[in-house]
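Below is one structure, written out as structure tokens; the observations come after it.
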Amino acid sequence: MPVKNFDRGVYRAVLKVREAYAFDAGGILMRVYAYMATIGSISMLTLAGYSFFLAGTVSSTIALATFLISPRVSKLVDERGQHAVVPKAAVVTLVGLALMLATVSLGGPIALCYVAAVLMGFIPNAQALTRARWTYLVRAGRLGEDAPTLKTVFSYEGIIDDVAFMVGPAASIALAAALFPAAGMLAGGVCFAVGVVVLTLSRSTEPTVGSVGAGEPPKHRRSIIATSSVVRVLFALMFFLGAFYGVFDTATVSLAEDVGNPSAASVILIVAACVSIASGFLFGMIRLTIPQYAQLAAVSLLVGCAYGTMVFIGSIESLFVVSTVAAMFYAPFFITANATCERMVPGDRLTEAITWMNSGSICGLAFGPTLGGALIDQLGTTASFGFGAVLAVMVPVIAFACLPLLKRHERQPR
């Protein structure tokens with residue numbers, strides 16, 4: 001990609017905003033749990049003796065419930081405010097988690113896990129909550145002349161997303177393998193509860209209903225997913241991202257268990273997390289000269305081809321190589337997708353658009369682990385990696401197929 005310059009101080013303006021420390025800390029803790037919920041439930045159930053197929057269906061139920069319910073929670077947030085909705089939704093989520101942990105630990109009927117999975121779908125979308133606060137602070141003029149640009153803010157938030165996405169699943173697997181099956185999800189639940197409290201108590205940065213950055217109450221208008229073709233494209237890209245990553249994580253756990261070393265999966269994922277975090281941090285410093293739609297197409301090609309090589313995985317060693325190299329391109333894709341959303345979606349619909357975009361990956365996580373788990377049970381781990389490779393290649397296929405549409409919606413940065 002043509003590079004205009006490399007700005008090592010690009011995050012300085014963001015880090016100077018002390019008002020954001022509390023809600024960003026809460027958002028990180030909430031995201032760690034959100035991203036470990038699906039793969040963490042798979043690790044918990046399989047280590048407790050359940051089949052990969054059964055674990056995959058429970059994990060997919062969590063993801064599907066989140067996909068269906070979370071956007072509605074976000075709609076209520078826009079209508080009534082974060083402090084009025086987030087704690088209540090969080091309580092429902094934690095009740096579901098407690099029910100699942102109790103069922104697995106005490107050997108209760110598996111049907112209760114599906115009930116718990118539905119309740120866990122009420123989780124508030126931390127990405128949308130923190131981005132809404134940043135947008136409010138910047139556009140309302142609360143930060144003065146030294147305010148960071150929204151592009152910088154979304155790059156910074158993208159790195160946080162990546163940290164949580166990569167670290168959460170790895171931590172859940174490590175704790176479950178080292179302590180007891182439910183340890184990872186239990187730790188995630190504690191993080192989530194603390195995060196909700198910290199974010200909710202940060203009232204000074206919360207967008208008021210109808211304020212700049214909060215958007216107009218959406219109850220009298222159609223959903224952004226129905227009116228914006230860009231959001232639909234981003235949803236599709238994130239769907240396949242979530243699907244192939246869900247398959248990859250599930251197959252990684254399976255391969256580690258096949259060789260008799262379950263903790264190897266967490267080591268591999270932690271190394272990949274460190275690589276991805278570093279690449280995302282460096283990517284945020286680069287100033288590119290090519291249009292936003294071309295950036296999205298380029299990173300889609302890189303991440304799709306990189307994870308497409310999982311078809312060649314047949315050992316722990318090859319898994320480590322593919323996971324580490326591919327992780328270099330995950331963060332740039334995630335950051336670019338969020339920047340594309342910010343660039344091409346009307347500002348007063350941004351919170352809803354981000355929720356739908358993230359719901360795409362959640363929906364993919366509902367699809368990938370179920371079929372991946374079934375393939376593992378029937379054909380073995382290698383077949384699951386092959387299936388994941390096909391899903392990964394779909395990311396650049398969709399991006400390039402929709403390139404003319406994205407080009408039409410390109411506009412100057414706000």
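Chain labels A, B, ... are given in the sequence in which chains occur in the structure tokens; within each chain residues are numbered consecutively from 1, and ligands are likewise numbered from 1 in the order shown.
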Any idea what's packed within 8 Å of Ala63 in chain A, counting only C-alpha atoms, ignoring anything in its chain fewer than 3 positions away? Could you give it as a compact mmCIF listing (two decimals) with all heavy atoms, in the first residue's frame?
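Final output, result_7.txt:
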# COMPACT_ATOMS: atom_id res chain seq x y z
N THR A 38 -18.00 -17.74 23.33
CA THR A 38 -18.25 -18.87 22.42
C THR A 38 -17.18 -19.94 22.51
O THR A 38 -17.47 -21.11 22.78
CB THR A 38 -18.36 -18.36 20.97
OG1 THR A 38 -17.24 -17.52 20.68
CG2 THR A 38 -19.63 -17.55 20.77
N SER A 59 -22.37 -23.30 21.98
CA SER A 59 -21.64 -22.09 21.61
C SER A 59 -22.38 -21.30 20.54
O SER A 59 -22.48 -20.07 20.60
CB SER A 59 -20.24 -22.46 21.12
OG SER A 59 -19.56 -21.34 20.62
N SER A 60 -22.90 -22.00 19.55
CA SER A 60 -23.63 -21.34 18.47
C SER A 60 -24.93 -20.73 18.97
O SER A 60 -25.37 -19.70 18.45
CB SER A 60 -23.91 -22.34 17.35
OG SER A 60 -22.70 -22.79 16.77
N THR A 66 -27.04 -13.74 20.81
CA THR A 66 -26.42 -12.41 20.84
C THR A 66 -26.71 -11.65 19.56
O THR A 66 -27.00 -10.45 19.59
CB THR A 66 -24.89 -12.55 21.04
OG1 THR A 66 -24.64 -13.29 22.23
CG2 THR A 66 -24.23 -11.18 21.14
N PHE A 67 -26.62 -12.35 18.44
CA PHE A 67 -26.91 -11.73 17.14
C PHE A 67 -28.34 -11.20 17.08
O PHE A 67 -28.59 -10.11 16.56
CB PHE A 67 -26.66 -12.75 16.04
CG PHE A 67 -27.28 -12.40 14.73
CD1 PHE A 67 -26.84 -11.31 14.00
CD2 PHE A 67 -28.31 -13.17 14.21
CE1 PHE A 67 -27.42 -10.98 12.78
CE2 PHE A 67 -28.89 -12.84 13.00
CZ PHE A 67 -28.44 -11.75 12.28
N GLY A 121 -27.32 -14.06 25.62
CA GLY A 121 -27.42 -13.24 24.42
C GLY A 121 -27.86 -11.81 24.68
O GLY A 121 -27.83 -10.97 23.77
N ILE A 362 -20.42 -12.14 15.22
CA ILE A 362 -21.09 -12.98 16.21
C ILE A 362 -21.94 -14.04 15.52
O ILE A 362 -21.96 -15.21 15.91
CB ILE A 362 -21.95 -12.13 17.15
CG1 ILE A 362 -21.05 -11.23 18.00
CG2 ILE A 362 -22.83 -13.00 18.04
CD1 ILE A 362 -21.80 -10.17 18.78
N CYS A 363 -22.63 -13.63 14.46
CA CYS A 363 -23.43 -14.57 13.68
C CYS A 363 -22.53 -15.64 13.05
O CYS A 363 -22.88 -16.82 13.00
CB CYS A 363 -24.22 -13.83 12.61
SG CYS A 363 -25.40 -14.84 11.69
N LEU A 365 -19.75 -16.66 14.28
CA LEU A 365 -19.35 -17.54 15.37
C LEU A 365 -20.46 -18.52 15.74
O LEU A 365 -20.19 -19.56 16.34
CB LEU A 365 -18.95 -16.70 16.59
CG LEU A 365 -17.60 -15.99 16.49
CD1 LEU A 365 -17.45 -14.98 17.62
CD2 LEU A 365 -16.45 -16.99 16.51
N ALA A 366 -21.69 -18.19 15.40
CA ALA A 366 -22.79 -19.13 15.61
C ALA A 366 -22.78 -20.24 14.56
O ALA A 366 -23.18 -21.37 14.83
CB ALA A 366 -24.13 -18.40 15.56
Distance criterion (only C-alpha atoms): nearest to Ile270 in chain A out of A:Glu206, A:Glu157, A:Asp249, A:Glu317: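 Of A:Glu206, A:Glu157, A:Asp249, A:Glu317, the one nearest Ile270 in chain A, counting only C-alpha atoms, is A:Asp249.
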If you take only C-alpha atoms and a cut-off of 9 Å, which residues of range 239-320 of chain A touch range 339-344 of chain A, and what are their nearest atom pairs and distances in Å to one decimal, in chain and number order, as a tab-separated table?
residue	atom	partner	partner_atom	distance
A:Gln292	CA	A:Thr340	CA	6.3
A:Tyr293	CA	A:Thr340	CA	7.2
A:Gln295	CA	A:Thr340	CA	8.9
A:Leu296	CA	A:Thr340	CA	7.4
Taking the DSSP secondary structure from the backbone, can you list the residues of range 225-347 of chain A that are alpha helix (DSSP H), as a ChimeraX atom specification? /A:225-227,229-258,263-283,292-308,316-344
What would the file look like if the residues just selected were written as an mmCIF file, in the first residue's frame with C-alpha atoms?
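Final output, saved to part.cif:
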data_model
loop_
_atom_site.group_PDB
_atom_site.id
_atom_site.type_symbol
_atom_site.label_atom_id
_atom_site.label_comp_id
_atom_site.auth_asym_id
_atom_site.auth_seq_id
_atom_site.Cartn_x
_atom_site.Cartn_y
_atom_site.Cartn_z
ATOM 1 C CA ILE A 225 -28.983 -2.936 8.084
ATOM 2 C CA ALA A 226 -32.065 -2.531 5.871
ATOM 3 C CA THR A 227 -31.167 0.884 4.462
ATOM 4 C CA SER A 229 -25.712 -1.443 1.504
ATOM 5 C CA VAL A 230 -22.312 -0.642 3.046
ATOM 6 C CA VAL A 231 -23.423 -2.008 6.410
ATOM 7 C CA ARG A 232 -24.667 -5.157 4.677
ATOM 8 C CA VAL A 233 -21.286 -5.629 2.991
ATOM 9 C CA LEU A 234 -19.443 -5.101 6.267
ATOM 10 C CA PHE A 235 -21.853 -7.486 7.969
ATOM 11 C CA ALA A 236 -21.069 -10.156 5.366
ATOM 12 C CA LEU A 237 -17.301 -9.659 5.699
ATOM 13 C CA MET A 238 -17.512 -9.856 9.481
ATOM 14 C CA PHE A 239 -19.764 -12.919 9.236
ATOM 15 C CA PHE A 240 -17.108 -14.886 7.362
ATOM 16 C CA LEU A 241 -14.404 -13.482 9.651
ATOM 17 C CA GLY A 242 -16.268 -14.794 12.691
ATOM 18 C CA ALA A 243 -17.078 -18.069 10.965
ATOM 19 C CA PHE A 244 -13.533 -18.950 9.937
ATOM 20 C CA TYR A 245 -12.077 -17.752 13.224
ATOM 21 C CA GLY A 246 -14.613 -19.803 15.175
ATOM 22 C CA VAL A 247 -13.669 -22.881 13.148
ATOM 23 C CA PHE A 248 -9.972 -22.104 13.581
ATOM 24 C CA ASP A 249 -10.265 -21.765 17.371
ATOM 25 C CA THR A 250 -12.367 -24.921 17.682
ATOM 26 C CA ALA A 251 -9.994 -26.944 15.505
ATOM 27 C CA THR A 252 -7.013 -25.548 17.440
ATOM 28 C CA VAL A 253 -8.477 -26.865 20.710
ATOM 29 C CA SER A 254 -9.235 -30.189 19.047
ATOM 30 C CA LEU A 255 -5.735 -30.612 17.594
ATOM 31 C CA ALA A 256 -4.145 -29.793 20.955
ATOM 32 C CA GLU A 257 -6.344 -32.407 22.624
ATOM 33 C CA ASP A 258 -5.542 -34.923 19.861
ATOM 34 C CA SER A 263 -2.564 -26.239 27.059
ATOM 35 C CA ALA A 264 -0.728 -25.979 23.704
ATOM 36 C CA ALA A 265 -3.830 -24.361 22.227
ATOM 37 C CA SER A 266 -3.698 -21.496 24.707
ATOM 38 C CA VAL A 267 0.036 -20.970 24.114
ATOM 39 C CA ILE A 268 -0.470 -20.789 20.354
ATOM 40 C CA LEU A 269 -3.390 -18.388 20.652
ATOM 41 C CA ILE A 270 -1.550 -16.175 23.143
ATOM 42 C CA VAL A 271 1.442 -15.871 20.802
ATOM 43 C CA ALA A 272 -0.920 -15.030 17.952
ATOM 44 C CA ALA A 273 -2.587 -12.444 20.184
ATOM 45 C CA CYS A 274 0.718 -10.720 20.882
ATOM 46 C CA VAL A 275 1.575 -10.659 17.166
ATOM 47 C CA SER A 276 -1.851 -9.285 16.269
ATOM 48 C CA ILE A 277 -1.724 -6.583 18.942
ATOM 49 C CA ALA A 278 1.712 -5.457 17.757
ATOM 50 C CA SER A 279 0.676 -5.371 14.110
ATOM 51 C CA GLY A 280 -2.484 -3.431 14.937
ATOM 52 C CA PHE A 281 -0.555 -0.884 16.963
ATOM 53 C CA LEU A 282 1.918 -0.323 14.118
ATOM 54 C CA PHE A 283 -0.805 -0.277 11.471
ATOM 55 C CA GLN A 292 -10.766 3.631 2.068
ATOM 56 C CA TYR A 293 -12.543 1.103 -0.154
ATOM 57 C CA ALA A 294 -9.193 0.020 -1.632
ATOM 58 C CA GLN A 295 -7.714 -0.344 1.846
ATOM 59 C CA LEU A 296 -10.588 -2.625 2.819
ATOM 60 C CA ALA A 297 -10.120 -4.756 -0.294
ATOM 61 C CA ALA A 298 -6.373 -5.034 0.322
ATOM 62 C CA VAL A 299 -6.610 -6.112 3.963
ATOM 63 C CA SER A 300 -9.438 -8.511 3.061
ATOM 64 C CA LEU A 301 -7.136 -10.177 0.548
ATOM 65 C CA LEU A 302 -4.318 -10.418 3.082
ATOM 66 C CA VAL A 303 -6.374 -11.832 5.950
ATOM 67 C CA GLY A 304 -8.279 -14.238 3.683
ATOM 68 C CA CYS A 305 -5.173 -15.672 2.058
ATOM 69 C CA ALA A 306 -3.265 -15.834 5.349
ATOM 70 C CA TYR A 307 -5.928 -17.798 7.190
ATOM 71 C CA GLY A 308 -6.695 -19.761 4.036
ATOM 72 C CA ILE A 316 1.106 -28.502 16.256
ATOM 73 C CA GLU A 317 4.177 -27.057 14.549
ATOM 74 C CA SER A 318 2.340 -26.121 11.351
ATOM 75 C CA LEU A 319 -0.553 -24.773 13.433
ATOM 76 C CA PHE A 320 1.851 -22.493 15.282
ATOM 77 C CA VAL A 321 3.356 -21.156 12.040
ATOM 78 C CA VAL A 322 0.002 -20.481 10.356
ATOM 79 C CA SER A 323 -1.528 -18.953 13.489
ATOM 80 C CA THR A 324 1.422 -16.643 14.096
ATOM 81 C CA VAL A 325 1.832 -15.437 10.512
ATOM 82 C CA ALA A 326 -1.903 -14.994 9.876
ATOM 83 C CA ALA A 327 -2.314 -13.012 13.095
ATOM 84 C CA MET A 328 -0.238 -10.225 11.502
ATOM 85 C CA PHE A 329 -3.166 -9.375 9.221
ATOM 86 C CA TYR A 330 -6.143 -9.773 11.525
ATOM 87 C CA ALA A 331 -5.783 -6.441 13.349
ATOM 88 C CA PRO A 332 -5.314 -4.353 10.167
ATOM 89 C CA PHE A 333 -8.498 -5.911 8.781
ATOM 90 C CA PHE A 334 -10.470 -5.179 11.939
ATOM 91 C CA ILE A 335 -9.214 -1.585 12.138
ATOM 92 C CA THR A 336 -9.893 -0.935 8.448
ATOM 93 C CA ALA A 337 -13.401 -2.386 8.638
ATOM 94 C CA ASN A 338 -14.258 -0.066 11.538
ATOM 95 C CA ALA A 339 -12.736 2.913 9.731
ATOM 96 C CA THR A 340 -14.778 2.055 6.636
ATOM 97 C CA CYS A 341 -17.939 2.002 8.736
ATOM 98 C CA GLU A 342 -17.093 5.406 10.225
ATOM 99 C CA ARG A 343 -16.293 6.838 6.783
ATOM 100 C CA MET A 344 -19.274 5.535 4.819
#
Can you tell me which residues surround Leu119 in chain A at a distance of at most 12 Å, considering only C-alpha atoms, apart from same-chain residues fewer than 4 positions away, and format the answer as a PyMOL selection string?
chain A and resi 61-66+68-70+89-100+112-115+123-124
Determine, counting only C-alpha atoms, which protein, DNA and RNA residues have an atom within 6 Å of an atom of range 369-382 of chain A; residues of the same chain fewer than 2 positions away are not included. Present the result as a list in words.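 In the requested format, the answer is Phe52, Phe53, Gly56, Thr57, Gly246, Val247, Ala251, Phe367, Ser384 and Phe385 of chain A.
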